[in-house]
Structure formats: C-alpha cells, structure tokens
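Engineer: Here you go, this is start_13.txt (compact mmCIF, C-alpha atoms).
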```
# COMPACT_ATOMS: atom_id res chain seq x y z
CA MET A 1 0.00 0.00 0.00
CA SER A 2 2.22 2.78 -1.35
CA LEU A 3 1.81 6.39 -0.29
CA THR A 4 -0.22 8.37 -2.81
CA ARG A 5 0.26 12.07 -3.51
CA THR A 6 -2.80 12.72 -1.35
CA ASP A 7 -1.36 10.65 1.52
CA LYS A 8 1.91 12.57 1.45
CA ALA A 9 0.20 15.97 1.34
CA THR A 10 -2.17 14.97 4.15
CA VAL A 11 0.64 13.73 6.40
CA LYS A 12 2.75 16.85 5.83
CA ALA A 13 -0.18 19.19 6.51
CA PHE A 14 -1.22 17.31 9.65
CA TRP A 15 2.34 17.11 10.94
CA ALA A 16 2.71 20.88 10.55
CA LEU A 17 -0.31 21.16 12.82
CA ILE A 18 0.94 18.78 15.52
CA ALA A 19 4.62 19.81 15.40
CA GLY A 20 4.24 21.99 18.50
CA ARG A 21 3.26 18.97 20.58
CA ALA A 22 5.59 16.43 18.98
CA ASP A 23 7.68 15.99 22.15
CA MET A 24 4.63 15.35 24.27
CA ILE A 25 3.15 12.93 21.72
CA GLY A 26 6.41 10.97 21.59
CA SER A 27 6.68 10.75 25.38
CA GLU A 28 3.04 9.71 25.79
CA ALA A 29 3.23 7.16 23.00
CA LEU A 30 6.34 5.41 24.36
CA SER A 31 4.96 5.47 27.92
CA ARG A 32 1.73 3.91 26.68
CA LEU A 33 3.61 1.31 24.69
CA LEU A 34 5.44 0.07 27.80
CA TYR A 35 2.29 0.21 29.88
CA VAL A 36 -0.22 -1.32 27.49
CA TYR A 37 2.22 -3.85 25.98
CA PRO A 38 4.51 -4.77 28.92
CA GLN A 39 6.49 -7.21 26.80
CA THR A 40 8.11 -4.17 25.12
CA LYS A 41 9.88 -3.37 28.39
CA THR A 42 12.40 -5.99 27.42
CA TYR A 43 14.15 -3.48 25.18
CA PHE A 44 14.61 -0.93 27.96
CA SER A 45 15.87 -3.06 30.81
CA HIS A 46 18.92 -0.82 31.02
CA TRP A 47 16.74 1.89 32.61
CA LYS A 48 15.83 1.57 36.27
CA ASP A 49 12.48 3.29 36.07
CA LEU A 50 10.00 1.97 33.53
CA SER A 51 6.85 3.12 35.31
CA LEU A 52 4.19 5.21 33.58
CA ASN A 53 5.64 8.63 32.66
CA SER A 54 9.14 7.92 33.98
CA ALA A 55 11.81 10.43 32.96
CA PRO A 56 14.03 8.21 30.78
CA VAL A 57 10.98 6.89 28.93
CA LYS A 58 9.65 10.39 28.27
CA LYS A 59 13.04 11.57 27.11
CA HIS A 60 13.41 8.69 24.73
CA GLY A 61 9.90 9.19 23.38
CA LYS A 62 10.97 12.67 22.24
CA ILE A 63 13.97 11.21 20.41
CA ILE A 64 11.78 8.71 18.58
CA MET A 65 9.24 11.38 17.61
CA ALA A 66 12.00 13.65 16.32
CA ALA A 67 13.20 10.84 14.08
CA ILE A 68 9.67 10.34 12.77
CA SER A 69 9.36 14.07 12.04
CA ASP A 70 12.67 13.84 10.23
CA ALA A 71 11.35 10.95 8.15
CA ILE A 72 8.51 13.16 6.89
CA GLY A 73 11.11 15.14 4.99
CA LYS A 74 12.30 11.90 3.39
CA MET A 75 8.89 10.61 2.41
CA ASP A 76 9.78 10.21 -1.25
CA ASP A 77 12.48 7.67 -0.43
CA LEU A 78 12.08 6.34 3.07
CA THR A 79 14.19 3.23 2.45
CA GLY A 80 17.20 5.26 1.30
CA GLY A 81 16.69 8.01 3.84
CA LEU A 82 16.46 5.70 6.85
CA LEU A 83 19.26 3.30 5.97
CA ALA A 84 21.41 4.15 8.97
CA LEU A 85 18.47 3.92 11.38
CA SER A 86 17.55 0.59 9.85
CA GLU A 87 21.05 -0.71 10.50
CA VAL A 88 20.91 0.45 14.13
CA HIS A 89 17.62 -1.36 14.70
CA ALA A 90 18.66 -4.48 12.82
CA PHE A 91 22.22 -5.01 14.02
CA THR A 92 22.52 -3.21 17.34
CA LEU A 93 19.09 -2.84 18.96
CA ARG A 94 17.56 -5.94 17.36
CA VAL A 95 14.00 -4.83 17.97
CA ASP A 96 11.45 -7.36 16.69
CA PRO A 97 9.65 -5.50 13.87
CA ALA A 98 6.30 -6.56 15.29
CA ASN A 99 6.88 -3.92 17.95
CA PHE A 100 6.97 -1.13 15.38
CA LYS A 101 3.29 -1.82 14.66
CA LEU A 102 2.53 -1.56 18.38
CA LEU A 103 4.35 1.76 18.69
CA ALA A 104 2.63 3.07 15.55
CA HIS A 105 -0.71 2.17 17.13
CA CYS A 106 0.20 4.02 20.34
CA ILE A 107 1.27 7.10 18.37
CA LEU A 108 -2.08 7.13 16.57
CA VAL A 109 -3.98 6.74 19.83
CA VAL A 110 -2.13 9.67 21.43
CA ILE A 111 -2.60 11.84 18.34
CA ALA A 112 -6.31 11.00 18.42
CA THR A 113 -6.63 12.05 22.06
CA GLN A 114 -4.74 15.29 21.43
CA PHE A 115 -6.36 16.32 18.14
CA PRO A 116 -9.89 14.87 18.20
CA VAL A 117 -11.25 17.38 15.68
CA ASP A 118 -8.41 17.32 13.16
CA PHE A 119 -7.68 13.58 13.28
CA THR A 120 -10.39 12.76 10.74
CA PRO A 121 -10.72 9.32 9.09
CA GLU A 122 -8.92 10.71 6.03
CA VAL A 123 -5.99 11.91 8.15
CA HIS A 124 -6.04 8.64 10.09
CA VAL A 125 -5.63 6.43 7.01
CA SER A 126 -2.81 8.55 5.56
CA VAL A 127 -0.87 8.75 8.82
CA ASP A 128 -1.37 5.01 9.40
CA LYS A 129 -0.07 4.25 5.90
CA PHE A 130 2.91 6.56 6.49
CA LEU A 131 3.82 4.84 9.78
CA ALA A 132 3.48 1.47 8.02
CA ALA A 133 5.82 2.64 5.25
CA LEU A 134 8.21 3.93 7.92
CA THR A 135 8.08 0.52 9.62
CA LEU A 136 9.00 -1.17 6.36
CA ALA A 137 11.95 1.18 5.85
CA ILE A 138 13.26 0.59 9.39
CA ALA A 139 12.89 -3.17 8.90
CA GLU A 140 14.79 -3.06 5.59
CA LYS A 141 18.19 -4.20 6.86
CA TYR A 142 16.94 -7.07 9.00
CA ARG A 143 17.31 -9.65 6.28
CA MET B 144 13.09 -5.95 3.48
CA SER B 145 13.57 -5.61 -0.28
CA LEU B 146 14.63 -8.52 -2.44
CA SER B 147 18.39 -8.55 -3.03
CA ARG B 148 19.98 -9.90 -6.22
CA LYS B 149 20.80 -13.02 -4.21
CA ASP B 150 17.18 -13.43 -3.09
CA LYS B 151 15.90 -13.16 -6.66
CA ASP B 152 18.44 -15.69 -7.94
CA ALA B 153 17.61 -18.11 -5.13
CA VAL B 154 13.88 -17.85 -5.80
CA LYS B 155 14.30 -18.35 -9.56
CA ALA B 156 16.67 -21.28 -9.09
CA PHE B 157 14.38 -23.03 -6.63
CA TRP B 158 11.36 -22.35 -8.83
CA ALA B 159 13.12 -23.88 -11.84
CA LEU B 160 13.06 -27.07 -9.78
CA ALA B 161 9.71 -26.71 -8.00
CA SER B 162 7.60 -25.33 -10.85
CA LYS B 163 7.18 -28.82 -12.27
CA ARG B 164 5.00 -29.56 -9.25
CA ALA B 165 3.34 -26.14 -9.09
CA ASP B 166 -0.16 -27.63 -9.38
CA LEU B 167 0.43 -29.96 -6.46
CA ILE B 168 2.03 -27.24 -4.34
CA GLY B 169 -0.95 -24.97 -4.97
CA SER B 170 -3.60 -27.60 -4.27
CA GLU B 171 -1.90 -28.82 -1.11
CA ALA B 172 -1.24 -25.32 0.19
CA LEU B 173 -4.82 -24.09 -0.25
CA THR B 174 -6.25 -27.32 1.16
CA ARG B 175 -4.02 -27.03 4.20
CA MET B 176 -4.86 -23.38 4.68
CA ILE B 177 -8.58 -24.09 4.82
CA TYR B 178 -8.05 -27.06 7.11
CA VAL B 179 -5.49 -25.57 9.48
CA TYR B 180 -7.03 -22.07 9.53
CA PRO B 181 -10.79 -22.72 9.26
CA GLN B 182 -11.60 -19.01 9.42
CA THR B 183 -10.36 -18.78 5.82
CA LYS B 184 -13.36 -20.83 4.68
CA THR B 185 -15.32 -17.61 4.79
CA TYR B 186 -13.95 -16.65 1.38
CA PHE B 187 -15.06 -19.86 -0.27
CA SER B 188 -18.59 -20.28 0.96
CA HIS B 189 -19.79 -20.35 -2.66
CA TRP B 190 -18.39 -23.90 -2.93
CA LYS B 191 -20.42 -26.73 -1.46
CA ASP B 192 -17.50 -28.94 -0.56
CA LEU B 193 -14.78 -27.45 1.65
CA SER B 194 -13.62 -30.74 3.15
CA LEU B 195 -10.04 -32.00 3.10
CA GLY B 196 -9.20 -33.04 -0.47
CA SER B 197 -12.22 -31.40 -2.09
CA ALA B 198 -12.05 -30.89 -5.85
CA PRO B 199 -12.88 -27.15 -6.10
CA ILE B 200 -10.20 -26.32 -3.53
CA LYS B 201 -7.57 -28.35 -5.36
CA LYS B 202 -8.50 -26.73 -8.64
CA HIS B 203 -8.34 -23.26 -7.17
CA GLY B 204 -4.98 -23.98 -5.56
CA LYS B 205 -3.61 -24.51 -9.06
CA VAL B 206 -5.00 -21.15 -10.17
CA ILE B 207 -3.35 -19.39 -7.23
CA MET B 208 -0.01 -21.06 -7.87
CA GLY B 209 -0.30 -19.99 -11.50
CA GLY B 210 -0.42 -16.44 -10.14
CA VAL B 211 2.69 -17.04 -8.02
CA ASN B 212 4.47 -18.41 -11.09
CA GLU B 213 3.54 -15.30 -13.05
CA ALA B 214 4.80 -13.12 -10.21
CA ILE B 215 8.21 -14.80 -10.28
CA GLY B 216 8.52 -13.64 -13.88
CA LYS B 217 7.75 -10.10 -12.69
CA ILE B 218 10.05 -10.23 -9.69
CA ASP B 219 11.78 -6.97 -10.63
CA ASN B 220 8.60 -4.95 -10.36
CA LEU B 221 5.91 -6.76 -8.46
CA THR B 222 3.77 -3.73 -7.63
CA SER B 223 3.08 -2.70 -11.22
CA GLY B 224 3.15 -6.26 -12.54
CA LEU B 225 0.38 -7.35 -10.18
CA LEU B 226 -1.77 -4.24 -10.44
CA SER B 227 -4.87 -5.92 -11.83
CA LEU B 228 -4.60 -8.81 -9.36
CA SER B 229 -4.34 -6.27 -6.59
CA GLU B 230 -7.48 -4.52 -7.82
CA LEU B 231 -9.28 -7.86 -7.97
CA HIS B 232 -8.38 -8.72 -4.37
CA ALA B 233 -9.06 -5.22 -3.10
CA PHE B 234 -12.34 -4.37 -4.82
CA ASN B 235 -13.97 -7.70 -5.70
CA LEU B 236 -12.69 -10.47 -3.44
CA ARG B 237 -11.94 -8.20 -0.46
CA VAL B 238 -9.62 -10.74 1.16
CA ASP B 239 -8.18 -9.44 4.45
CA PRO B 240 -4.44 -9.14 3.74
CA ALA B 241 -3.69 -11.00 6.96
CA ASN B 242 -4.73 -14.13 5.12
CA PHE B 243 -1.96 -13.72 2.55
CA LYS B 244 0.55 -14.35 5.36
CA VAL B 245 -1.34 -17.48 6.33
CA LEU B 246 -1.37 -18.79 2.76
CA SER B 247 2.33 -17.92 2.35
CA HIS B 248 3.09 -19.99 5.42
CA CYS B 249 1.17 -22.96 3.98
CA ILE B 250 3.00 -22.64 0.65
CA LEU B 251 6.35 -22.71 2.44
CA VAL B 252 5.33 -25.75 4.49
CA VAL B 253 4.30 -27.65 1.36
CA MET B 254 7.50 -26.66 -0.47
CA ALA B 255 9.51 -27.92 2.50
CA MET B 256 7.62 -31.21 2.51
CA LEU B 257 8.03 -31.80 -1.23
CA PHE B 258 11.64 -30.62 -1.52
CA PRO B 259 13.26 -31.44 1.84
CA LYS B 260 16.81 -31.39 0.49
CA ASN B 261 16.52 -28.30 -1.70
CA PHE B 262 14.48 -26.18 0.68
CA THR B 263 17.56 -25.09 2.62
CA PRO B 264 17.54 -22.21 5.14
CA GLU B 265 18.96 -19.93 2.42
CA VAL B 266 16.16 -20.84 0.01
CA HIS B 267 13.65 -20.54 2.85
CA VAL B 268 14.58 -16.95 3.72
CA SER B 269 14.60 -15.82 0.09
CA MET B 270 11.28 -17.51 -0.68
CA ASP B 271 9.72 -16.09 2.49
CA LYS B 272 10.91 -12.59 1.55
CA PHE B 273 9.55 -13.08 -1.98
CA LEU B 274 6.11 -14.15 -0.72
CA ALA B 275 6.12 -11.16 1.63
CA ALA B 276 6.93 -8.84 -1.29
CA LEU B 277 4.18 -10.54 -3.30
CA THR B 278 1.77 -9.96 -0.41
CA LEU B 279 2.67 -6.27 -0.37
CA ALA B 280 2.09 -5.98 -4.12
CA ILE B 281 -1.31 -7.72 -3.92
CA SER B 282 -2.26 -5.43 -1.00
CA ASP B 283 -1.24 -2.28 -2.86
CA LYS B 284 -4.68 -1.22 -4.06
CA TYR B 285 -6.49 -1.75 -0.77
CA ARG B 286 -6.02 1.81 0.41
```
I'd like the structure from this file rewritten - as structure tokens, please.
Structural biologist:
Amino acid sequence: MSLTRTDKATVKAFWALIAGRADMIGSEALSRLLYVYPQTKTYFSHWKDLSLNSAPVKKHGKIIMAAISDAIGKMDDLTGGLLALSEVHAFTLRVDPANFKLLAHCILVVIATQFPVDFTPEVHVSVDKFLAALTLAIAEKYR
Amino acid sequence: MSLSRKDKDAVKAFWALASKRADLIGSEALTRMIYVYPQTKTYFSHWKDLSLGSAPIKKHGKVIMGGVNEAIGKIDNLTSGLLSLSELHAFNLRVDPANFKVLSHCILVVMAMLFPKNFTPEVHVSMDKFLAALTLAISDKYR
C-alpha cells in the first residue's frame, strides 16, 4: 500500500499542525507502549524506572518522535533516507519489527486524544499508511 | 526488506526445480490453509465442498499457484506487474491481507515437505521474503 500524492500531502499538513506537541506525543506514546504492551519493556531493561511517565521513557519518546518528524522530509524515499536507522535497529538494537506496529498504534492513539477534531478518518488512514511505510523502511536491513 | 539480487536468484533457481509440481504445491497449500485455519473458509462459501481433499479447492490452488508463477517472472517490479490482481483482491474479493501471510506460510510448508533437500535455510529466507513482497504488491490497491 504505497503512499499516494494525497497521503503525502495529508501527512505533511497534519504534521505541521501537531509539530508543536511532537515531544509530548512521543513521550506519551512510548509510555503507553510500555504500559499497554509490557512485553516491550524488554528493550529498555537498562533503565531503572519503567513506570508510567518515567523520565528516561519520556526523554526517549521525544527522540523517537524527532526521528519520525525527520522521516517526513524523506517521504519520497524512506528506504534510502532511513538506511542508517535501519542498520541500528537491525544489528545493534535488534527490535522485533512486530513492535513497530505496536508503537505506531500508540502514536495514533495519542494523536487522536490530542487532536480529536483534526484527526479525521482521512488523516487517520494517511498517517497510518505513512507509519506502516516507515516501519517497512526501518525493517529493511533485518534480512 | 527488499529482495536482493541473491534473493531473486535463489527464488528463480528453486522455482526452476519446483515449478514442475506447481499444481500440487498450490492444491496442497490451499487445502491445508482451509483445514489448518478454518476461518479462511469464509472466502469460499460459494463452494459446497470445503472438506479436506475437495475438488474445487484443489482446482483453485492450481489457479493461485499460476499467479505465483507469473509473479516470479515479474520479480523486478511486483507492484506494477500485479496491479490488476491487486485490484481484484481489493475491490472484488476483499480478502483481508492478513490471510496472505497465512497462505504464504502454507505454501512454504508444502515446499519444505516436497523438496526437503533443496528447501535449505537460504532458500527458505529468500522464498519467504519473496512471498512477503508478493503480499505487499497484492495489498497495494487496498487503500
């Protein structure tokens, strides 16, 4: 399910709207991921505090969201643009790609709670497709 | 996880061997899918007989494998090569793409059973990646 011109335009426009709260969305999304899907804690066992809204989790959520915002600028070639990140995830972090879907879901849920009026079904499908395309690009170097 | 040159060569080489039994692979795979994952019967309720070894299932398995065979010939550009098949699945058949993974699994199991010596781990990974790429191409027109 490739990104159409409409998808790309929709994602860019919506992201311009939510950019001001990107940090908060990232923090919330990662916190939710660890809380709603406790098995994901396995990747963060090097942090002492993994409770809801812990500081290291919030901080890392911002980093992840910044990378996603960065990927929006590379939407025309996500695979090429995210090569280095793919290598990090594949060879160093070794995150099971199934978890990317879970995080994508959490991001959408947080966006929905924060922008109930603007997160229309049309925006929802385009952002979901973008996160799916992003997932594919990050998973590229796994095998 | 795009198909490398090595993946494509491995798939073509294995298919040169396995294509002689394409009909059997297709029949067996579809039969198994319906038997092992009964929820997939929902797409075939227009056939009276959905029991193990039923004739319409076997016949349709051959049709599906014919599609896979065609896709191998279009391995360098699956998305455009399978455009009309994608439209068929998206707009007419409306098969939930999750089922493509299930069928892929059954195809791999049958290949392994019929070609135990040739279905090495190297062939397995390339064939699995190919079927995943095929799944993506068939899913392209869904949204």
Engineer: Which one is closest to A:Ile138: B:Lys260, B:Ser145, B:Leu225, B:Trp158? Count all atoms listed in the file.
Structural biologist: B:Ser145
Engineer: To one decimal place in Å, what is the distance between atom CA of B:Ala275 and atom CA of A:Asp7?
Structural biologist: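 The value is 23.1 Å.
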Engineer: Write out as a tab-separated table a residue-level contact list of chain B versus chain A with cut-off 10 Å: for each qualifying residue the closest pair of atoms and the distance in Å to one decimal, counting all atoms listed in the file, rows sorted by chain and residue number upward.
Structural biologist:
```
residue	atom	partner	partner_atom	distance
B:Met144	CA	A:Glu140	CA	4.0
B:Ser145	CA	A:Glu140	CA	6.5
B:Leu146	CA	A:Arg143	CA	9.2
B:Ser147	CA	A:Arg143	CA	9.4
B:Thr222	CA	A:Ser2	CA	9.2
B:Val268	CA	A:Arg143	CA	8.2
B:Ser269	CA	A:Arg143	CA	9.2
B:Lys272	CA	A:Arg143	CA	8.5
B:Leu279	CA	A:Met1	CA	6.8
B:Ala280	CA	A:Met1	CA	7.6
B:Ile281	CA	A:Met1	CA	8.8
B:Ser282	CA	A:Met1	CA	6.0
B:Asp283	CA	A:Met1	CA	3.9
B:Lys284	CA	A:Met1	CA	6.3
B:Tyr285	CA	A:Met1	CA	6.8
B:Arg286	CA	A:Met1	CA	6.3
```
Engineer: Residues at most 8 Å from stretch 168-181 of chain B, counting only C-alpha atoms, excluding those fewer than 5 positions away in the same chain, as a list in words?
Structural biologist: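 Selected residues are Leu193, Ser194, Leu195, Gly196, Ser197, Ile200, Lys201, Lys202, His203, Gly204, Lys205, Val206, Ile207, Met208, Val245, Leu246, Cys249, Ile250, Val252, Val253 and Met254 of chain B.
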Engineer: Write the residues of the preceding selection, restricted to C-alpha atoms, as a PDB file, in the frame of the given file.
Structural biologist:
```
ATOM      1  CA  LEU B 193     -14.780 -27.450   1.650  1.00  0.00           C
ATOM      2  CA  SER B 194     -13.620 -30.740   3.150  1.00  0.00           C
ATOM      3  CA  LEU B 195     -10.040 -32.000   3.100  1.00  0.00           C
ATOM      4  CA  GLY B 196      -9.200 -33.040  -0.470  1.00  0.00           C
ATOM      5  CA  SER B 197     -12.220 -31.400  -2.090  1.00  0.00           C
ATOM      6  CA  ILE B 200     -10.200 -26.320  -3.530  1.00  0.00           C
ATOM      7  CA  LYS B 201      -7.570 -28.350  -5.360  1.00  0.00           C
ATOM      8  CA  LYS B 202      -8.500 -26.730  -8.640  1.00  0.00           C
ATOM      9  CA  HIS B 203      -8.340 -23.260  -7.170  1.00  0.00           C
ATOM     10  CA  GLY B 204      -4.980 -23.980  -5.560  1.00  0.00           C
ATOM     11  CA  LYS B 205      -3.610 -24.510  -9.060  1.00  0.00           C
ATOM     12  CA  VAL B 206      -5.000 -21.150 -10.170  1.00  0.00           C
ATOM     13  CA  ILE B 207      -3.350 -19.390  -7.230  1.00  0.00           C
ATOM     14  CA  MET B 208      -0.010 -21.060  -7.870  1.00  0.00           C
ATOM     15  CA  VAL B 245      -1.340 -17.480   6.330  1.00  0.00           C
ATOM     16  CA  LEU B 246      -1.370 -18.790   2.760  1.00  0.00           C
ATOM     17  CA  CYS B 249       1.170 -22.960   3.980  1.00  0.00           C
ATOM     18  CA  ILE B 250       3.000 -22.640   0.650  1.00  0.00           C
ATOM     19  CA  VAL B 252       5.330 -25.750   4.490  1.00  0.00           C
ATOM     20  CA  VAL B 253       4.300 -27.650   1.360  1.00  0.00           C
ATOM     21  CA  MET B 254       7.500 -26.660  -0.470  1.00  0.00           C
TER      22      MET B 254
END
```
Engineer: Between atom CA of B:Leu236 and atom CA of B:Phe187, measure the distance and give it in Å to one decimal.
Structural biologist: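 The value is 10.2 Å.
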